[in-house]
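Trainee: Below is the structure I would like to discuss, written out as structure tokens.
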Amino acid sequence: MELFSSKPGDDGLPGRERGFAMAAVMTVTTMGVFDGSVVNIALPQIARSLNVSPAAAVWVSNGYLLSAAMTLAIFAALAARLGFRTLFALGLGLFTLSSLGCALSSSLAALTGMRLLQGIGGAATLSIAPAILRTVFPSRLLGRILGLNALLIAASTAIAPVLGGAMLSALSWQWLFVINVPLGAIAMALALRAIPGRSEAVNKPFDFVGAILSAVMLGGLILAASAFSQSDGQEVTSSTLTAAVAYGLVALIAGGMFIRCQRRAANPLLPLEIFRSARFSLAALTSLASFISQGMTFVALPFLFQSVYGYSAFASALLFLPWPAGIVLVAPHAGRLADRYSPAIISSVGLCIFACGLVLLALLPEHAQPWDVVARSLLCGIGFGCFQSPNNREMLSNVAREHSGYASGVLAIVRTFGQCLGTAFVGVILSAMAQPALKNVIQQDLAVRLSLWAAAFATVMAIVFSISRLRDRAKQHKPV
């Protein structure tokens, strides 16, 4: 297999060792994707088991997201000091042990606490996973391995709800966490064997002020988004709006202070010099806009399928399958092409296909046939699969290798916050459309259509950012 072949001048690890490192990273990635998907499905059962309200049980999900988001930038910086292997192993160990703690929890407070620790462990591993792949594999194969990673994420996303539902029908919710323990042990053995350690000592002081400001900024953004996304289509109350504005202001102030701190710090938490590469910055903006679009669509479509079309939850899950299936079909080929041709061109083409799919979803008839929904969702998945791995390659390859950990952290941050912002936008739209004068079905239908059109607009913005990279490249190659 070419992924494990060696050629003269290759950087990275020898072929056999690449396989062990790849297995460790992809096992942990699967655990993270599976955990995020099935816990949301299990929330009703968790609420009944712990005798708490559904609204309180939501913090089992939100706690993980909040702690993960707040520590992404911190772990990206720690990777340069601890080394990929040490940080990955510590994060994996924390994630695995806290998974066992989740399974043994008998109260909501204990379970939420374990989920907070689990989020920290997940952030430590997933924030540096693309950087590890870049370090392990030679540059000539970077697009292919990122495409394979995108395929794995899409396949796990498709399988997780079905497998999780089957497990919940036969077993208690605790087993959803227990399954991480043997998988974590296997991944730990592989990681300690194959993932490279720190190449040289780093004695520079850690930017604690930057770390605190980044955590406050990212946590404030998550809480502001959550305030809207939890409205569930109900009209936004004054208290909800006040909380969202307060969190947003805290995030804005902390963000301004963070940027000022990073410009002045001798050893910044996140070197702003990586954004001097226009191609890196534009790729990050492209990723942010595209994940906002995907986040909006993933929240809006369940309302369309269940509230408007009247499908069951299981049937709605089946209607979602074409999206990840399209990514699975295309992502490996897109990654392979990105190793030979311009990643910006390939990702721009993918975004155009994605935008067409979203417009077609927004134009679905009032009584759409299942095959029609499937075809339009599949087109979205094909477009997103064509975009994602080439764009990720563009981000990682346009920074110095020693900054790959920071680039990987930025990639994780824009993905997380793109999806959160997309969810928040749909919450705002659903709340704005919650008018007593409108019948519920009409209200949901209008809100979903508006959300899909907004997602299409966000994708158009992503296309603009992506095409701008081509213009920047043309300027760089323009003869003097």
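How things are named: the first chain in the structure tokens is A, the next is B, and so on; residues count from 1 in each chain; ligands count from 1 in the order shown.
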Quick one: everything within 9 Å of A:Phe387, counting only C-alpha atoms, minus sequence neighbours fewer than 5 positions away in the same chain. Send it as an NGL selection string.
Mentor: :A and (331 or 334 or 343-344 or 346-351 or 354 or 382 or 392)
Trainee: Please produce a file of those selected residues containing all heavy atoms, as a tab-separated table (two decimals), in the first residue's frame.
Mentor:
```
chain	number	residue	atom	x	y	z
A	331	ALA	N	-13.90	11.64	-0.26
A	331	ALA	CA	-12.77	12.19	0.50
A	331	ALA	C	-11.42	11.56	0.17
A	331	ALA	O	-10.43	12.30	-0.01
A	331	ALA	CB	-13.07	12.10	2.00
A	334	ALA	N	-10.30	12.87	-3.21
A	334	ALA	CA	-9.98	14.30	-3.14
A	334	ALA	C	-8.62	14.52	-2.49
A	334	ALA	O	-7.82	15.36	-2.92
A	334	ALA	CB	-11.07	15.05	-2.38
A	343	PRO	N	-4.71	22.19	-3.98
A	343	PRO	CA	-5.79	21.91	-3.02
A	343	PRO	C	-6.87	22.99	-3.03
A	343	PRO	O	-8.05	22.70	-2.81
A	343	PRO	CB	-5.07	21.86	-1.67
A	343	PRO	CG	-3.65	21.58	-2.00
A	343	PRO	CD	-3.41	22.25	-3.32
A	344	ALA	N	-6.46	24.25	-3.30
A	344	ALA	CA	-7.44	25.34	-3.31
A	344	ALA	C	-8.47	25.16	-4.42
A	344	ALA	O	-9.66	25.42	-4.23
A	344	ALA	CB	-6.72	26.68	-3.48
A	346	ILE	N	-9.37	22.24	-5.85
A	346	ILE	CA	-10.21	21.07	-5.54
A	346	ILE	C	-11.23	21.42	-4.47
A	346	ILE	O	-12.42	21.07	-4.59
A	346	ILE	CB	-9.32	19.89	-5.10
A	346	ILE	CG1	-8.37	19.50	-6.23
A	346	ILE	CG2	-10.18	18.70	-4.70
A	346	ILE	CD1	-7.31	18.52	-5.81
A	347	SER	N	-10.79	22.10	-3.39
A	347	SER	CA	-11.74	22.45	-2.33
A	347	SER	C	-12.77	23.47	-2.80
A	347	SER	O	-13.93	23.42	-2.38
A	347	SER	CB	-10.98	22.98	-1.11
A	347	SER	OG	-10.19	24.10	-1.44
A	348	SER	N	-12.38	24.37	-3.71
A	348	SER	CA	-13.35	25.34	-4.25
A	348	SER	C	-14.43	24.64	-5.07
A	348	SER	O	-15.62	24.97	-4.98
A	348	SER	CB	-12.63	26.38	-5.12
A	348	SER	OG	-11.71	27.13	-4.36
A	349	VAL	N	-14.02	23.65	-5.87
A	349	VAL	CA	-14.99	22.86	-6.63
A	349	VAL	C	-15.94	22.14	-5.69
A	349	VAL	O	-17.16	22.10	-5.89
A	349	VAL	CB	-14.27	21.87	-7.56
A	349	VAL	CG1	-15.26	20.90	-8.19
A	349	VAL	CG2	-13.50	22.62	-8.64
A	350	GLY	N	-15.37	21.56	-4.62
A	350	GLY	CA	-16.20	20.86	-3.64
A	350	GLY	C	-17.21	21.78	-2.98
A	350	GLY	O	-18.37	21.41	-2.78
A	351	LEU	N	-16.79	22.99	-2.66
A	351	LEU	CA	-17.71	23.95	-2.03
A	351	LEU	C	-18.83	24.35	-2.98
A	351	LEU	O	-19.97	24.57	-2.55
A	351	LEU	CB	-16.94	25.18	-1.57
A	351	LEU	CG	-16.07	25.00	-0.32
A	351	LEU	CD1	-15.19	26.22	-0.09
A	351	LEU	CD2	-16.93	24.74	0.91
A	354	PHE	N	-21.24	21.59	-2.87
A	354	PHE	CA	-21.91	21.66	-1.57
A	354	PHE	C	-23.00	22.73	-1.57
A	354	PHE	O	-24.13	22.50	-1.10
A	354	PHE	CB	-20.86	21.94	-0.50
A	354	PHE	CG	-21.39	21.98	0.91
A	354	PHE	CD1	-22.32	21.06	1.36
A	354	PHE	CD2	-20.94	22.94	1.80
A	354	PHE	CE1	-22.80	21.09	2.66
A	354	PHE	CE2	-21.40	22.99	3.10
A	354	PHE	CZ	-22.33	22.06	3.54
A	382	ILE	N	-21.03	14.71	-1.05
A	382	ILE	CA	-19.98	14.65	-2.07
A	382	ILE	C	-19.21	15.97	-2.12
A	382	ILE	O	-17.98	15.99	-2.17
A	382	ILE	CB	-20.60	14.31	-3.44
A	382	ILE	CG1	-21.09	12.86	-3.45
A	382	ILE	CG2	-19.60	14.55	-4.57
A	382	ILE	CD1	-21.86	12.49	-4.71
A	392	ASN	N	-7.87	21.01	4.52
A	392	ASN	CA	-7.03	20.71	5.68
A	392	ASN	C	-5.56	20.59	5.28
A	392	ASN	O	-4.67	21.03	6.02
A	392	ASN	CB	-7.49	19.41	6.33
A	392	ASN	CG	-8.85	19.55	7.01
A	392	ASN	OD1	-9.39	20.64	7.11
A	392	ASN	ND2	-9.41	18.44	7.45
```
Trainee: Which neighbours of stretch 172-175 of chain A fall inside 8 Å, counting only C-alpha atoms, when residues of the same chain fewer than 3 positions from it are skipped, and could you give them as an MDAnalysis selection string?
Mentor: chainID A and resid 42 45:46 102:104 167:169 178:179
Trainee: Output C-alpha atoms of each residue in that selection to a file, as a tab-separated table (two decimals), in the first residue's frame.
Mentor:
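The new file result-v4.tsv reads:
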```
chain	number	residue	atom	x	y	z
A	42	ALA	CA	-28.65	8.58	25.25
A	45	GLN	CA	-32.29	7.52	29.07
A	46	ILE	CA	-29.64	9.23	31.23
A	102	CYS	CA	-18.71	8.24	33.52
A	103	ALA	CA	-19.85	4.61	33.51
A	104	LEU	CA	-19.54	4.43	37.31
A	167	MET	CA	-26.61	-0.71	22.16
A	168	LEU	CA	-29.13	1.40	24.07
A	169	SER	CA	-31.95	-0.97	23.12
A	178	VAL	CA	-17.28	1.35	29.03
A	179	ILE	CA	-16.50	0.59	25.37
```
Trainee: May I have the residues within 12 Å of A:Leu90 as a PyMOL selection string, using only C-alpha atoms and disregarding those fewer than 2 positions away in the same chain?
Mentor: chain A and resi 75+78-79+82-88+92-97+117-118+120-125+184+187-188+191-192
Trainee: Save the residues we just selected, N, CA and C atoms, as a PDB file, in the first residue's frame?
Mentor:
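This went into selection17.pdb:
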```
ATOM      1  N   PHE A  75      -3.644  23.173  24.517  1.00  0.00           N
ATOM      2  CA  PHE A  75      -2.962  21.928  24.176  1.00  0.00           C
ATOM      3  C   PHE A  75      -2.149  22.058  22.889  1.00  0.00           C
ATOM      4  N   LEU A  78       1.014  23.391  24.218  1.00  0.00           N
ATOM      5  CA  LEU A  78       1.750  22.425  25.037  1.00  0.00           C
ATOM      6  C   LEU A  78       2.420  21.347  24.198  1.00  0.00           C
ATOM      7  N   ALA A  79       1.901  21.094  22.998  1.00  0.00           N
ATOM      8  CA  ALA A  79       2.491  20.063  22.143  1.00  0.00           C
ATOM      9  C   ALA A  79       3.949  20.367  21.831  1.00  0.00           C
ATOM     10  N   LEU A  82       5.787  19.525  25.388  1.00  0.00           N
ATOM     11  CA  LEU A  82       5.745  18.149  25.871  1.00  0.00           C
ATOM     12  C   LEU A  82       6.079  17.132  24.790  1.00  0.00           C
ATOM     13  N   GLY A  83       5.852  17.491  23.531  1.00  0.00           N
ATOM     14  CA  GLY A  83       5.998  16.528  22.447  1.00  0.00           C
ATOM     15  C   GLY A  83       4.670  15.849  22.162  1.00  0.00           C
ATOM     16  N   PHE A  84       4.500  15.406  20.920  1.00  0.00           N
ATOM     17  CA  PHE A  84       3.233  14.800  20.521  1.00  0.00           C
ATOM     18  C   PHE A  84       2.924  13.529  21.315  1.00  0.00           C
ATOM     19  N   ARG A  85       3.927  12.660  21.488  1.00  0.00           N
ATOM     20  CA  ARG A  85       3.658  11.384  22.143  1.00  0.00           C
ATOM     21  C   ARG A  85       3.211  11.568  23.589  1.00  0.00           C
ATOM     22  N   THR A  86       3.917  12.421  24.343  1.00  0.00           N
ATOM     23  CA  THR A  86       3.569  12.630  25.752  1.00  0.00           C
ATOM     24  C   THR A  86       2.181  13.241  25.896  1.00  0.00           C
ATOM     25  N   LEU A  87       1.909  14.298  25.124  1.00  0.00           N
ATOM     26  CA  LEU A  87       0.613  14.957  25.225  1.00  0.00           C
ATOM     27  C   LEU A  87      -0.511  14.028  24.777  1.00  0.00           C
ATOM     28  N   PHE A  88      -0.297  13.297  23.692  1.00  0.00           N
ATOM     29  CA  PHE A  88      -1.311  12.378  23.192  1.00  0.00           C
ATOM     30  C   PHE A  88      -1.602  11.295  24.231  1.00  0.00           C
ATOM     31  N   LEU A  92      -5.089  10.808  26.101  1.00  0.00           N
ATOM     32  CA  LEU A  92      -5.778   9.529  25.911  1.00  0.00           C
ATOM     33  C   LEU A  92      -6.022   8.846  27.245  1.00  0.00           C
ATOM     34  N   GLY A  93      -5.025   8.899  28.141  1.00  0.00           N
ATOM     35  CA  GLY A  93      -5.209   8.292  29.457  1.00  0.00           C
ATOM     36  C   GLY A  93      -6.331   8.959  30.237  1.00  0.00           C
ATOM     37  N   LEU A  94      -6.381  10.304  30.190  1.00  0.00           N
ATOM     38  CA  LEU A  94      -7.442  11.025  30.886  1.00  0.00           C
ATOM     39  C   LEU A  94      -8.804  10.713  30.282  1.00  0.00           C
ATOM     40  N   PHE A  95      -8.877  10.666  28.943  1.00  0.00           N
ATOM     41  CA  PHE A  95     -10.138  10.366  28.273  1.00  0.00           C
ATOM     42  C   PHE A  95     -10.627   8.962  28.646  1.00  0.00           C
ATOM     43  N   THR A  96      -9.712   7.995  28.670  1.00  0.00           N
ATOM     44  CA  THR A  96     -10.095   6.614  28.958  1.00  0.00           C
ATOM     45  C   THR A  96     -10.540   6.447  30.404  1.00  0.00           C
ATOM     46  N   LEU A  97      -9.768   7.010  31.345  1.00  0.00           N
ATOM     47  CA  LEU A  97     -10.122   6.877  32.760  1.00  0.00           C
ATOM     48  C   LEU A  97     -11.417   7.621  33.085  1.00  0.00           C
ATOM     49  N   LEU A 117     -13.828  16.284  32.427  1.00  0.00           N
ATOM     50  CA  LEU A 117     -12.492  15.705  32.306  1.00  0.00           C
ATOM     51  C   LEU A 117     -12.320  14.993  30.965  1.00  0.00           C
ATOM     52  N   GLN A 118     -13.372  14.338  30.529  1.00  0.00           N
ATOM     53  CA  GLN A 118     -13.329  13.643  29.241  1.00  0.00           C
ATOM     54  C   GLN A 118     -13.121  14.633  28.097  1.00  0.00           C
ATOM     55  N   ILE A 120     -11.527  17.499  28.303  1.00  0.00           N
ATOM     56  CA  ILE A 120     -10.132  17.939  28.355  1.00  0.00           C
ATOM     57  C   ILE A 120      -9.225  16.897  27.708  1.00  0.00           C
ATOM     58  N   GLY A 121      -9.453  15.632  28.029  1.00  0.00           N
ATOM     59  CA  GLY A 121      -8.664  14.569  27.413  1.00  0.00           C
ATOM     60  C   GLY A 121      -8.873  14.492  25.911  1.00  0.00           C
ATOM     61  N   GLY A 122     -10.119  14.657  25.486  1.00  0.00           N
ATOM     62  CA  GLY A 122     -10.402  14.643  24.050  1.00  0.00           C
ATOM     63  C   GLY A 122      -9.743  15.787  23.327  1.00  0.00           C
ATOM     64  N   ALA A 123      -9.740  16.979  23.943  1.00  0.00           N
ATOM     65  CA  ALA A 123      -9.089  18.135  23.316  1.00  0.00           C
ATOM     66  C   ALA A 123      -7.595  17.908  23.167  1.00  0.00           C
ATOM     67  N   ALA A 124      -6.973  17.274  24.159  1.00  0.00           N
ATOM     68  CA  ALA A 124      -5.525  17.031  24.107  1.00  0.00           C
ATOM     69  C   ALA A 124      -5.154  16.128  22.939  1.00  0.00           C
ATOM     70  N   THR A 125      -6.004  15.173  22.611  1.00  0.00           N
ATOM     71  CA  THR A 125      -5.681  14.235  21.525  1.00  0.00           C
ATOM     72  C   THR A 125      -6.128  14.768  20.164  1.00  0.00           C
ATOM     73  N   GLY A 184      -9.222   2.432  24.351  1.00  0.00           N
ATOM     74  CA  GLY A 184      -8.202   3.342  24.840  1.00  0.00           C
ATOM     75  C   GLY A 184      -6.913   2.623  25.188  1.00  0.00           C
ATOM     76  N   ALA A 187      -5.149   1.812  21.879  1.00  0.00           N
ATOM     77  CA  ALA A 187      -4.578   3.027  21.294  1.00  0.00           C
ATOM     78  C   ALA A 187      -3.362   3.497  22.083  1.00  0.00           C
ATOM     79  N   MET A 188      -3.380   3.345  23.404  1.00  0.00           N
ATOM     80  CA  MET A 188      -2.246   3.759  24.230  1.00  0.00           C
ATOM     81  C   MET A 188      -0.999   2.949  23.881  1.00  0.00           C
ATOM     82  N   ALA A 191       0.260   4.165  20.539  1.00  0.00           N
ATOM     83  CA  ALA A 191       0.806   5.521  20.588  1.00  0.00           C
ATOM     84  C   ALA A 191       2.187   5.542  21.222  1.00  0.00           C
ATOM     85  N   LEU A 192       2.359   4.834  22.325  1.00  0.00           N
ATOM     86  CA  LEU A 192       3.655   4.818  23.001  1.00  0.00           C
ATOM     87  C   LEU A 192       4.731   4.169  22.140  1.00  0.00           C
TER      88      LEU A 192
END
```
Trainee: Taking 2 positions as the minimum chain separation for residues in the same chain, which residues sit within 10 Å of A:Ile128 when counting only C-alpha atoms? Answer as a list in words.
Mentor: Val25, Leu72, Phe75, Ala76, Ala77, Ala79, Phe84, Leu87, Phe88, Ala123, Ala124, Thr125, Leu126, Pro130, Ala131, Ile132, Leu133, Arg134, Ser404, Gly405, Tyr406, Ala407, Ser408, Gly409, Val410, Leu411 and Ala412 of chain A
Trainee: For A:Ala455, which residue among A:Ile212, A:Ala289, A:Ala189, A:Leu319 is the nearest when counting only C-alpha atoms?
Mentor: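 Of A:Ile212, A:Ala289, A:Ala189, A:Leu319, the one nearest A:Ala455, counting only C-alpha atoms, is A:Ala289.
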